[in-house]
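Asker: Handing over final.tsv, TSV, C-alpha atoms (C1' of nucleotides).
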chain	number	residue	atom	x	y	z
A	272	MET	CA	-21.59	24.08	-16.05
A	273	ARG	CA	-19.91	27.39	-15.25
A	274	SER	CA	-16.36	27.87	-16.45
A	275	ASP	CA	-14.92	28.14	-12.95
A	276	ALA	CA	-16.67	24.89	-12.05
A	277	ARG	CA	-15.26	23.18	-15.15
A	278	GLN	CA	-11.76	24.43	-14.37
A	279	ASN	CA	-11.94	23.31	-10.75
A	280	ARG	CA	-13.21	19.88	-11.72
A	281	ASP	CA	-10.29	19.40	-14.13
A	282	ARG	CA	-7.81	20.54	-11.50
A	283	VAL	CA	-9.26	18.15	-8.92
A	284	LEU	CA	-8.95	15.26	-11.38
A	285	ALA	CA	-5.33	16.12	-12.18
A	286	ALA	CA	-4.46	16.47	-8.49
A	287	ALA	CA	-6.23	13.19	-7.74
A	288	ARG	CA	-4.16	11.38	-10.38
A	289	ASP	CA	-0.97	12.72	-8.85
A	290	GLU	CA	-1.95	11.92	-5.27
A	291	PHE	CA	-3.26	8.43	-6.08
A	292	THR	CA	-0.13	7.75	-8.13
A	293	ALA	CA	2.06	8.77	-5.23
A	294	HIS	CA	0.09	7.22	-2.39
A	295	GLY	CA	-2.37	4.70	-3.78
A	296	ALA	CA	-5.24	3.98	-1.40
A	297	ALA	CA	-3.54	6.08	1.33
A	298	ALA	CA	-4.12	9.27	-0.67
A	299	SER	CA	-6.04	11.87	1.34
A	300	LEU	CA	-8.99	13.75	-0.20
A	301	ASN	CA	-8.00	16.79	1.84
A	302	LYS	CA	-4.53	16.68	0.25
A	303	ILE	CA	-6.08	16.28	-3.19
A	304	ALA	CA	-8.21	19.38	-2.54
A	305	GLN	CA	-5.14	21.31	-1.34
A	306	ARG	CA	-3.12	20.19	-4.35
A	307	ALA	CA	-5.95	21.27	-6.63
A	308	GLY	CA	-6.21	24.61	-4.85
A	309	VAL	CA	-9.87	24.16	-3.92
A	310	GLY	CA	-11.79	23.70	-0.67
A	311	PRO	CA	-13.02	20.31	0.50
A	312	GLY	CA	-16.58	21.43	-0.20
A	313	THR	CA	-15.68	22.01	-3.84
A	314	LEU	CA	-14.03	18.61	-4.16
A	315	TYR	CA	-17.07	16.90	-2.62
A	316	ARG	CA	-19.52	18.74	-4.82
A	317	HIS	CA	-17.72	17.48	-7.89
A	318	PHE	CA	-16.90	13.98	-6.56
A	319	PRO	CA	-18.95	12.68	-3.61
A	320	SER	CA	-16.35	10.02	-2.74
A	321	ALA	CA	-12.84	8.79	-3.46
A	322	GLN	CA	-14.46	6.07	-5.52
A	323	ALA	CA	-16.23	8.62	-7.74
A	324	LEU	CA	-12.85	10.23	-8.38
A	325	LEU	CA	-11.29	6.92	-9.29
A	326	VAL	CA	-14.18	6.07	-11.61
A	327	ALA	CA	-13.74	9.36	-13.47
A	328	ILE	CA	-9.99	8.78	-13.90
A	329	ILE	CA	-10.37	5.15	-14.91
A	330	THR	CA	-13.10	5.98	-17.43
A	331	GLU	CA	-10.74	8.44	-19.14
A	332	ASP	CA	-8.03	5.78	-19.44
A	333	VAL	CA	-10.24	2.89	-20.51
A	334	ALA	CA	-11.04	4.73	-23.74
A	335	ALA	CA	-7.39	4.55	-24.81
A	336	LEU	CA	-7.12	0.93	-23.72
A	337	VAL	CA	-10.15	-0.07	-25.77
A	338	ASP	CA	-8.85	1.81	-28.82
A	339	HIS	CA	-5.58	-0.09	-28.50
A	340	GLY	CA	-7.50	-3.37	-28.37
A	341	ARG	CA	-9.49	-2.51	-31.48
A	342	GLU	CA	-6.29	-1.75	-33.38
A	343	LEU	CA	-4.99	-5.19	-32.43
A	344	LEU	CA	-7.97	-6.89	-34.11
A	345	GLY	CA	-6.07	-6.40	-37.35
A	346	HIS	CA	-2.95	-8.12	-36.03
A	347	PRO	CA	-1.88	-11.05	-38.22
A	348	SER	CA	-1.30	-13.30	-35.18
A	349	PRO	CA	-4.50	-13.53	-33.09
A	350	GLY	CA	-2.70	-15.24	-30.20
A	351	GLU	CA	-0.05	-12.55	-30.13
A	352	ALA	CA	-2.71	-9.83	-30.39
A	353	LEU	CA	-4.47	-11.18	-27.33
A	354	ARG	CA	-1.22	-11.40	-25.34
A	355	ILE	CA	-0.20	-7.86	-26.27
A	356	TRP	CA	-3.56	-6.54	-25.23
A	357	LEU	CA	-3.70	-8.46	-21.95
A	358	ARG	CA	-0.35	-6.96	-21.12
A	359	ALA	CA	-1.76	-3.50	-21.87
A	360	VAL	CA	-4.70	-4.29	-19.59
A	361	ALA	CA	-2.25	-5.33	-16.87
A	362	VAL	CA	-0.15	-2.20	-17.25
A	363	HIS	CA	-3.31	-0.12	-17.05
A	364	ALA	CA	-4.34	-2.01	-13.90
A	365	THR	CA	-1.03	-1.26	-12.15
A	366	ALA	CA	-1.75	2.49	-12.37
A	367	MET	CA	-2.11	4.48	-9.15
A	368	ARG	CA	-0.33	1.84	-7.12
A	369	GLY	CA	-2.72	-0.87	-8.23
A	370	LEU	CA	-5.85	1.12	-7.42
A	371	VAL	CA	-7.12	0.64	-10.95
A	372	ALA	CA	-6.98	-3.13	-10.46
A	373	THR	CA	-8.69	-2.79	-7.10
A	374	GLU	CA	-11.52	-0.79	-8.63
A	375	LEU	CA	-11.90	-2.90	-11.78
A	376	LEU	CA	-12.06	-6.06	-9.67
A	377	GLY	CA	-14.67	-4.55	-7.39
A	378	ALA	CA	-18.42	-4.33	-7.85
A	379	ASP	CA	-18.93	-0.60	-8.39
A	380	PRO	CA	-21.89	-0.21	-10.80
A	381	ALA	CA	-20.36	3.09	-11.92
A	382	LEU	CA	-17.72	1.07	-13.75
A	383	ALA	CA	-20.24	-1.16	-15.54
A	384	GLU	CA	-19.78	0.65	-18.83
A	385	CYS	CA	-15.99	0.37	-18.56
A	386	HIS	CA	-16.36	-3.36	-17.87
A	387	ASP	CA	-18.64	-3.77	-20.86
A	388	ARG	CA	-16.21	-2.01	-23.17
A	389	ILE	CA	-13.21	-3.98	-21.93
A	390	ARG	CA	-15.18	-7.23	-22.04
A	391	ALA	CA	-16.29	-6.57	-25.61
A	392	VAL	CA	-12.73	-6.12	-26.85
A	393	ALA	CA	-11.50	-9.07	-24.81
A	394	GLY	CA	-14.28	-11.20	-26.27
A	395	GLU	CA	-13.37	-10.34	-29.83
A	396	LEU	CA	-9.65	-10.85	-29.34
A	397	SER	CA	-10.27	-14.15	-27.53
A	398	GLU	CA	-12.57	-15.43	-30.21
A	399	ARG	CA	-10.05	-14.62	-32.94
A	400	ALA	CA	-7.37	-16.43	-30.93
A	401	GLY	CA	-9.61	-19.46	-30.36
A	402	VAL	CA	-9.50	-18.98	-26.60
A	403	ARG	CA	-12.48	-20.44	-24.78
A	404	ASP	CA	-11.75	-19.13	-21.32
A	405	ASP	CA	-14.39	-16.95	-19.67
A	406	VAL	CA	-13.19	-13.43	-20.51
A	407	ASP	CA	-14.21	-12.05	-17.14
A	408	ASP	CA	-12.08	-14.67	-15.42
A	409	LEU	CA	-9.16	-14.01	-17.76
A	410	LEU	CA	-9.37	-10.26	-17.16
A	411	ALA	CA	-9.70	-10.84	-13.42
A	412	VAL	CA	-6.52	-12.91	-13.36
A	413	VAL	CA	-4.63	-10.30	-15.36
A	414	SER	CA	-5.77	-7.49	-13.05
A	415	ALA	CA	-4.94	-9.61	-10.02
A	416	VAL	CA	-1.33	-10.18	-11.04
A	417	ALA	CA	-1.04	-6.50	-11.97
A	418	TRP	CA	-2.13	-5.59	-8.47
A	419	ALA	CA	0.27	-8.16	-6.98
A	420	SER	CA	3.20	-6.74	-8.93
A	421	GLU	CA	2.41	-3.31	-7.45
A	422	ARG	CA	2.80	-4.79	-4.00
A	423	LEU	CA	6.53	-5.22	-4.69
A	424	PRO	CA	7.40	-2.39	-7.03
A	425	GLY	CA	11.14	-3.02	-6.72
A	426	ASP	CA	11.00	-5.97	-9.11
A	427	PRO	CA	10.33	-4.51	-12.58
A	428	GLY	CA	10.30	-7.79	-14.47
A	429	ARG	CA	7.82	-9.36	-12.13
A	430	LEU	CA	4.67	-8.28	-13.95
A	431	ASP	CA	5.88	-9.92	-17.15
A	432	ARG	CA	6.88	-13.12	-15.36
A	433	LEU	CA	3.51	-13.34	-13.63
A	434	LEU	CA	1.70	-12.62	-16.90
A	435	THR	CA	3.69	-15.34	-18.63
A	436	LEU	CA	2.71	-17.73	-15.88
A	437	VAL	CA	-0.99	-17.00	-16.09
A	438	THR	CA	-1.26	-16.84	-19.89
A	439	ARG	CA	0.77	-19.91	-20.85
A	440	GLY	CA	-2.37	-21.89	-21.57
A	441	LEU	CA	-3.21	-19.47	-24.37
A	442	PRO	CA	-2.34	-20.25	-28.02
B	138	MET	CA	5.30	-11.29	30.73
B	139	ARG	CA	2.68	-10.75	33.40
B	140	SER	CA	-0.48	-12.86	33.23
B	141	ASP	CA	-2.74	-9.82	32.76
B	142	ALA	CA	-0.55	-8.69	29.88
B	143	ARG	CA	-0.65	-12.16	28.30
B	144	GLN	CA	-4.45	-12.26	28.60
B	145	ASN	CA	-4.87	-8.81	27.09
B	146	ARG	CA	-2.57	-9.65	24.19
B	147	ASP	CA	-4.61	-12.78	23.43
B	148	ARG	CA	-7.85	-10.81	23.58
B	149	VAL	CA	-6.51	-8.16	21.26
B	150	LEU	CA	-5.48	-10.81	18.74
B	151	ALA	CA	-8.90	-12.46	18.88
B	152	ALA	CA	-10.66	-9.12	18.51
B	153	ALA	CA	-8.36	-8.18	15.64
B	154	ARG	CA	-9.20	-11.40	13.79
B	155	ASP	CA	-12.89	-10.66	14.15
B	156	GLU	CA	-12.64	-7.02	13.09
B	157	PHE	CA	-10.31	-7.73	10.14
B	158	THR	CA	-12.60	-10.58	9.07
B	159	ALA	CA	-15.61	-8.29	9.15
B	160	HIS	CA	-14.01	-5.15	7.70
B	161	GLY	CA	-10.74	-6.03	6.03
B	162	ALA	CA	-8.45	-3.04	5.67
B	163	ALA	CA	-11.20	-0.71	6.92
B	164	ALA	CA	-11.02	-2.25	10.41
B	165	SER	CA	-10.36	0.39	13.06
B	166	LEU	CA	-7.72	-0.14	15.75
B	167	ASN	CA	-9.92	1.78	18.17
B	168	LYS	CA	-12.75	-0.67	17.50
B	169	ILE	CA	-10.37	-3.60	17.95
B	170	ALA	CA	-9.32	-2.19	21.32
B	171	GLN	CA	-12.97	-1.69	22.31
B	172	ARG	CA	-13.87	-5.20	21.21
B	173	ALA	CA	-10.95	-6.59	23.20
B	174	GLY	CA	-12.00	-4.53	26.21
B	175	VAL	CA	-8.67	-2.69	26.50
B	176	GLY	CA	-7.53	0.89	26.04
B	177	PRO	CA	-5.77	2.10	22.89
B	178	GLY	CA	-2.56	2.44	24.91
B	179	THR	CA	-2.69	-1.25	25.73
B	180	LEU	CA	-3.29	-2.27	22.13
B	181	TYR	CA	-0.38	-0.11	20.95
B	182	ARG	CA	1.97	-1.44	23.59
B	183	HIS	CA	1.34	-4.98	22.41
B	184	PHE	CA	1.15	-4.17	18.67
B	185	PRO	CA	2.70	-0.89	17.46
B	186	SER	CA	0.73	-0.96	14.17
B	187	ALA	CA	-2.05	-2.69	12.30
B	188	GLN	CA	0.65	-4.46	10.33
B	189	ALA	CA	2.18	-5.92	13.51
B	190	LEU	CA	-1.26	-7.30	14.38
B	191	LEU	CA	-1.66	-8.85	10.97
B	192	VAL	CA	1.81	-10.38	11.14
B	193	ALA	CA	0.99	-12.02	14.47
B	194	ILE	CA	-2.26	-13.46	13.12
B	195	ILE	CA	-0.76	-14.64	9.85
B	196	THR	CA	2.17	-16.27	11.64
B	197	GLU	CA	-0.29	-18.32	13.71
B	198	ASP	CA	-2.07	-19.56	10.59
B	199	VAL	CA	0.98	-20.26	8.47
B	200	ALA	CA	1.99	-22.99	10.90
B	201	ALA	CA	-1.14	-24.99	10.04
B	202	LEU	CA	-0.71	-24.32	6.33
B	203	VAL	CA	2.86	-25.58	6.38
B	204	ASP	CA	1.85	-28.69	8.33
B	205	HIS	CA	-0.80	-29.39	5.72
B	206	GLY	CA	1.80	-29.06	2.98
B	207	ARG	CA	4.18	-31.43	4.69
B	208	GLU	CA	1.44	-34.05	4.98
B	209	LEU	CA	0.87	-33.76	1.23
B	210	LEU	CA	4.48	-34.74	0.53
B	211	GLY	CA	3.30	-38.30	1.06
B	212	HIS	CA	0.52	-37.98	-1.52
B	213	PRO	CA	0.76	-40.62	-4.27
B	214	SER	CA	0.09	-38.03	-7.02
B	215	PRO	CA	2.68	-35.21	-6.81
B	216	GLY	CA	0.76	-33.02	-9.29
B	217	GLU	CA	-2.43	-33.41	-7.33
B	218	ALA	CA	-0.60	-32.76	-4.05
B	219	LEU	CA	0.72	-29.48	-5.41
B	220	ARG	CA	-2.74	-28.43	-6.63
B	221	ILE	CA	-4.40	-29.28	-3.34
B	222	TRP	CA	-1.81	-27.29	-1.43
B	223	LEU	CA	-1.94	-24.27	-3.73
B	224	ARG	CA	-5.65	-24.18	-3.18
B	225	ALA	CA	-5.06	-24.29	0.59
B	226	VAL	CA	-2.62	-21.38	0.16
B	227	ALA	CA	-5.27	-19.48	-1.79
B	228	VAL	CA	-7.97	-20.13	0.80
B	229	HIS	CA	-5.57	-18.95	3.49
B	230	ALA	CA	-4.84	-15.81	1.46
B	231	THR	CA	-8.53	-14.93	1.19
B	232	ALA	CA	-8.78	-14.65	4.98
B	233	MET	CA	-9.70	-11.29	6.52
B	234	ARG	CA	-11.14	-9.99	3.28
B	235	GLY	CA	-7.96	-10.69	1.37
B	236	LEU	CA	-5.72	-8.92	3.90
B	237	VAL	CA	-3.59	-12.04	4.23
B	238	ALA	CA	-2.86	-11.91	0.50
B	239	THR	CA	-2.12	-8.20	0.73
B	240	GLU	CA	0.38	-8.75	3.51
B	241	LEU	CA	1.98	-11.88	2.02
B	242	LEU	CA	2.48	-10.07	-1.29
B	243	GLY	CA	4.02	-7.06	0.44
B	244	ALA	CA	7.58	-6.50	1.57
B	245	ASP	CA	7.23	-6.58	5.35
B	246	PRO	CA	10.48	-8.11	6.75
B	247	ALA	CA	8.48	-9.33	9.74
B	248	LEU	CA	6.92	-11.94	7.46
B	249	ALA	CA	10.25	-13.18	6.14
B	250	GLU	CA	10.11	-16.34	8.25
B	251	CYS	CA	6.57	-17.08	7.07
B	252	HIS	CA	7.71	-16.64	3.47
B	253	ASP	CA	10.65	-18.95	4.02
B	254	ARG	CA	8.46	-21.65	5.51
B	255	ILE	CA	5.85	-21.42	2.75
B	256	ARG	CA	8.56	-21.29	0.07
B	257	ALA	CA	10.25	-24.38	1.50
B	258	VAL	CA	7.08	-26.46	1.30
B	259	ALA	CA	6.21	-25.06	-2.13
B	260	GLY	CA	9.69	-25.93	-3.34
B	261	GLU	CA	9.45	-29.52	-2.19
B	262	LEU	CA	5.97	-30.05	-3.59
B	263	SER	CA	6.98	-28.42	-6.89
B	264	GLU	CA	10.09	-30.51	-7.20
B	265	ARG	CA	8.15	-33.72	-6.59
B	266	ALA	CA	5.65	-32.63	-9.26
B	267	GLY	CA	8.36	-31.75	-11.74
B	268	VAL	CA	7.29	-28.13	-11.86
B	269	ARG	CA	10.04	-25.71	-12.84
B	270	ASP	CA	8.21	-22.44	-12.25
B	271	ASP	CA	9.75	-20.00	-9.79
B	272	VAL	CA	7.93	-20.84	-6.56
B	273	ASP	CA	7.76	-17.20	-5.49
B	274	ASP	CA	6.02	-16.31	-8.73
B	275	LEU	CA	3.65	-19.25	-8.44
B	276	LEU	CA	2.77	-18.32	-4.85
B	277	ALA	CA	2.34	-14.68	-5.89
B	278	VAL	CA	-0.12	-15.62	-8.61
B	279	VAL	CA	-2.10	-17.82	-6.25
B	280	SER	CA	-2.28	-15.08	-3.60
B	281	ALA	CA	-3.22	-12.54	-6.27
B	282	VAL	CA	-6.22	-14.50	-7.49
B	283	ALA	CA	-7.23	-15.19	-3.89
B	284	TRP	CA	-7.25	-11.43	-3.28
B	285	ALA	CA	-9.19	-10.85	-6.51
B	286	SER	CA	-11.85	-13.37	-5.53
B	287	GLU	CA	-12.34	-11.46	-2.28
B	288	ARG	CA	-13.13	-8.35	-4.28
B	289	LEU	CA	-16.37	-10.02	-5.45
B	290	PRO	CA	-17.36	-12.27	-2.57
B	291	GLY	CA	-20.78	-12.94	-4.12
B	292	ASP	CA	-19.32	-15.46	-6.56
B	293	PRO	CA	-18.25	-18.50	-4.48
B	294	GLY	CA	-16.95	-20.60	-7.37
B	295	ARG	CA	-14.75	-17.82	-8.65
B	296	LEU	CA	-11.67	-18.69	-6.63
B	297	ASP	CA	-11.66	-22.22	-8.02
B	298	ARG	CA	-12.18	-21.03	-11.60
B	299	LEU	CA	-9.35	-18.50	-11.30
B	300	LEU	CA	-7.09	-21.13	-9.71
B	301	THR	CA	-7.86	-23.55	-12.51
B	302	LEU	CA	-6.97	-20.83	-15.00
B	303	VAL	CA	-3.64	-20.01	-13.41
B	304	THR	CA	-2.55	-23.58	-12.66
B	305	ARG	CA	-3.43	-25.30	-15.95
B	306	GLY	CA	0.19	-25.38	-17.03
B	307	LEU	CA	1.01	-27.64	-14.11
B	308	PRO	CA	1.21	-31.45	-14.49
C	251	DT	C1'	0.59	-12.83	54.45
C	252	DT	C1'	2.16	-8.39	53.37
C	253	DC	C1'	4.64	-5.02	50.97
C	254	DC	C1'	6.78	-2.83	47.27
C	255	DC	C1'	8.16	-1.90	42.71
C	256	DA	C1'	8.56	-2.96	37.93
C	257	DT	C1'	5.34	-3.70	34.65
C	258	DC	C1'	1.06	-2.75	32.72
C	259	DC	C1'	-3.15	-0.11	31.92
C	260	DG	C1'	-6.07	3.33	29.73
C	261	DG	C1'	-7.95	7.50	28.24
C	262	DA	C1'	-7.31	12.53	27.24
C	263	DG	C1'	-5.35	14.99	23.83
C	264	DA	C1'	-2.82	16.21	19.40
C	265	DA	C1'	-2.99	15.87	14.64
C	266	DC	C1'	-4.98	14.07	10.86
C	267	DC	C1'	-8.93	12.19	8.19
C	268	DT	C1'	-13.94	12.33	5.97
C	269	DC	C1'	-17.78	14.92	5.06
C	270	DT	C1'	-21.40	18.63	5.64
C	271	DC	C1'	-23.47	23.09	5.99
C	272	DC	C1'	-24.22	27.73	5.10
C	273	DG	C1'	-22.57	32.48	4.49
C	274	DT	C1'	-20.03	34.53	0.79
C	275	DA	C1'	-18.34	34.94	-4.06
C	276	DT	C1'	-18.89	35.05	-8.88
C	277	DC	C1'	-20.21	33.64	-13.63
C	278	DG	C1'	-23.12	34.61	-17.11
C	279	DT	C1'	-27.46	36.18	-18.91
C	280	DA	C1'	-30.73	39.77	-19.50
D	256	DT	C1'	-24.52	47.16	-15.37
D	257	DA	C1'	-27.18	44.41	-12.29
D	258	DC	C1'	-28.92	40.44	-10.37
D	259	DG	C1'	-29.60	35.75	-9.16
D	260	DA	C1'	-28.53	30.99	-9.80
D	261	DT	C1'	-24.59	28.45	-9.33
D	262	DA	C1'	-20.37	27.58	-7.16
D	263	DC	C1'	-16.97	28.15	-3.53
D	264	DG	C1'	-14.61	27.07	0.76
D	265	DG	C1'	-13.58	26.52	5.46
D	266	DA	C1'	-15.28	25.84	10.25
D	267	DG	C1'	-16.95	22.25	12.65
D	268	DA	C1'	-18.67	17.47	13.86
D	269	DG	C1'	-17.31	13.00	14.31
D	270	DG	C1'	-14.10	9.59	13.13
D	271	DT	C1'	-9.17	7.76	12.94
D	272	DT	C1'	-4.15	6.93	14.57
D	273	DC	C1'	-0.93	7.28	18.08
D	274	DT	C1'	1.36	9.05	22.41
D	275	DC	C1'	2.11	10.26	27.14
D	276	DC	C1'	1.90	9.92	31.90
D	277	DG	C1'	-0.61	9.36	36.26
D	278	DG	C1'	-2.65	5.49	38.34
D	279	DA	C1'	-3.28	0.30	38.93
D	280	DT	C1'	-1.64	-4.19	39.88
D	281	DG	C1'	0.85	-8.84	39.38
D	282	DG	C1'	4.10	-11.28	41.49
D	283	DG	C1'	8.34	-12.04	43.98
D	284	DA	C1'	10.78	-11.38	48.22
D	285	DA	C1'	10.79	-10.78	53.00
Just give me the structure of the file as structure tokens.
Answerer:
Amino acid sequence: MRSDARQNRDRVLAAARDEFTAHGAAASLNKIAQRAGVGPGTLYRHFPSAQALLVAIITEDVAALVDHGRELLGHPSPGEALRIWLRAVAVHATAMRGLVATELLGADPALAECHDRIRAVAGELSERAGVRDDVDDLLAVVSAVAWASERLPGDPGRLDRLLTLVTRGLP
Amino acid sequence: MRSDARQNRDRVLAAARDEFTAHGAAASLNKIAQRAGVGPGTLYRHFPSAQALLVAIITEDVAALVDHGRELLGHPSPGEALRIWLRAVAVHATAMRGLVATELLGADPALAECHDRIRAVAGELSERAGVRDDVDDLLAVVSAVAWASERLPGDPGRLDRLLTLVTRGLP
DNA sequence: TTCCCATCCGGAGAACCTCTCCGTATCGTA
DNA sequence: TACGATACGGAGAGGTTCTCCGGATGGGAA
């Protein structure tokens, strides 16, 4: 890839983060292109859809989330490790006004690898904690309440209350 | 209100239900107007925004939901009554591709009366069941998993599994 | 039954969106 | 330094939301 192409792609991604963070699903691709200082044709050549943009951003962030989960495998309290990590998953899902949750709960095959990585860590943490719940269902619930808490951003403690509600059956 | 105005309003509401059911948030107000057989000016005079349309539809449906809840107050098993009703709330929230959940979890003051009515029934059912959870949080969780289950409509049993997960701490 | 007017209708147009196409620009290799 | 493959970008097509105002009409009064 040419250097100007690489630079433009990075700028589009950064602008997309900012626009999605500010406007969630209402973010405009034209505005993202303007913010990145490129033409719409350039944006579309790098990312054929808003979804492709979101996938690229989410993929960057899932790496850190998975690393965090792996570190928690060494936690002395398996139940606590799982709770800490599920909270990290929830916080991650609230990003970009809940768009991360929306994408992770959808069926985009482009996120299959992200799902696999998250599922693998969730599986290990759950097993250590003796939790028998289906990990996909557990992750779905956590993402769902993350998304819900983004619907009323004026209540900062809400995410934790909702998480407490949905994880009380855990050890 | 004139009879032609009343008729057009009803047709717009019916068309809106159909379009929101088929397309969720991607439903177009122009298409709704076309489907109702009115001009955009007519649609906008009756409903100044998509949100106003949704509020009108949701308000119609909440009446039935609340009636259902009141009937359940006579249920011999208070825990079971609460579960049955929370499931009804979830099913209601999945309507129009999860748009009902999206709206009920938002901050639109126009839905304040709906919230009050739902909260009142939830409060009574919870009290009978000995549940101390904050009813707003409980309702939020239920709407959240309803929305999540709409993200993957190909898995019909998912809503029930997610509901079982989030309500297991109840009596 | 007719008339009149307040209420209602509807569609052209403005401004924005998504997305594409193709003439122009430029990076990088020879 | 030159050239060509790669990349750019913006005009334009077709869609959306939303408004405005000239025309239509429901219904009440005479």
Asker: Using all atoms listed in the file, select each residue of chain B with any atom at most 12 Å away from an atom of chain C, and give the selection as a VMD selection string.
Answerer: chain B and resid 138 to 146 167 170 to 171 174 to 183
Asker: Wanna dump the chain D-chain B contacts at 12 Å for me, each residue with its shortest atom pair and the distance in Å to one decimal, counting only C-alpha atoms (C1' of nucleotides), ordered by chain and number, as a Markdown table?
Answerer:
| residue | atom | partner | partner_atom | distance |
| --- | --- | --- | --- | --- |
| D:DG270 | C1' | B:Ser165 | CA | 9.9 |
| D:DT271 | C1' | B:Ser165 | CA | 7.5 |
| D:DT272 | C1' | B:Leu166 | CA | 8.0 |
| D:DC273 | C1' | B:Tyr181 | CA | 7.9 |
| D:DT274 | C1' | B:Gly178 | CA | 8.1 |
| D:DC275 | C1' | B:Gly178 | CA | 9.4 |
| D:DC276 | C1' | B:Gly178 | CA | 11.2 |
| D:DA279 | C1' | B:Asp141 | CA | 11.9 |
| D:DT280 | C1' | B:Asp141 | CA | 9.1 |
| D:DG281 | C1' | B:Arg139 | CA | 6.5 |
| D:DG282 | C1' | B:Arg139 | CA | 8.2 |
Asker: At what distance in Å, to one decimal, does CA of Arg295 (chain B) lie from CA of Ala411 (chain A)?
Answerer: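 CA of Arg295 (chain B) lies 9.8 Å from CA of Ala411 (chain A).
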Asker: Set the cut-off to 7 Å and count only C-alpha atoms: what are the residues of chain B that reach chain A? Output as a PyMOL selection string.
Answerer: chain B and resi 242-244+274+277-278+281-282+285+288-289+299+303+305-306
Asker: Write out as number ranges by chain each polymer residue whose atoms come within 12 Å of Asp198 (chain B), counting only C-alpha atoms (C1' of nucleotides); drop sequence neighbours fewer than 2 positions from it.
Answerer: B: 154, 191-196, 200-205, 225-226, 228-230, 232-233, 237, 251, 254-255
Asker: Neighbours of region 206-211 of chain B within 9 Å (all atoms listed in the file; same-chain residues fewer than 5 positions away dropped), as a VMD selection string?
Answerer: chain B and resid 201 218 to 219 221 to 222 225 255 258 to 259 261 to 262 265
Asker: Could you tell me how far CA of Ala159 (chain B) lies from CA of Ala173 (chain B), in Å and to one decimal?
Answerer: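 Interatomic distance here is 14.9 Å.
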Asker: Quick one, how far is C1' of DG269 (chain D) from CA of Arg148 (chain B)?
Answerer: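 These atoms are spaced 27.2 Å apart.
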Asker: Put the listed atoms of region 298-304 of chain A in a box along x, y and z with 8 Å added on every side and give me the centre and edge lengths in Å to one decimal, as lines of an AutoDock Vina configuration file.
Answerer:
center_x = -6.6
center_y = 14.3
center_z = -0.7
size_x = 20.9
size_y = 26.1
size_z = 21.0
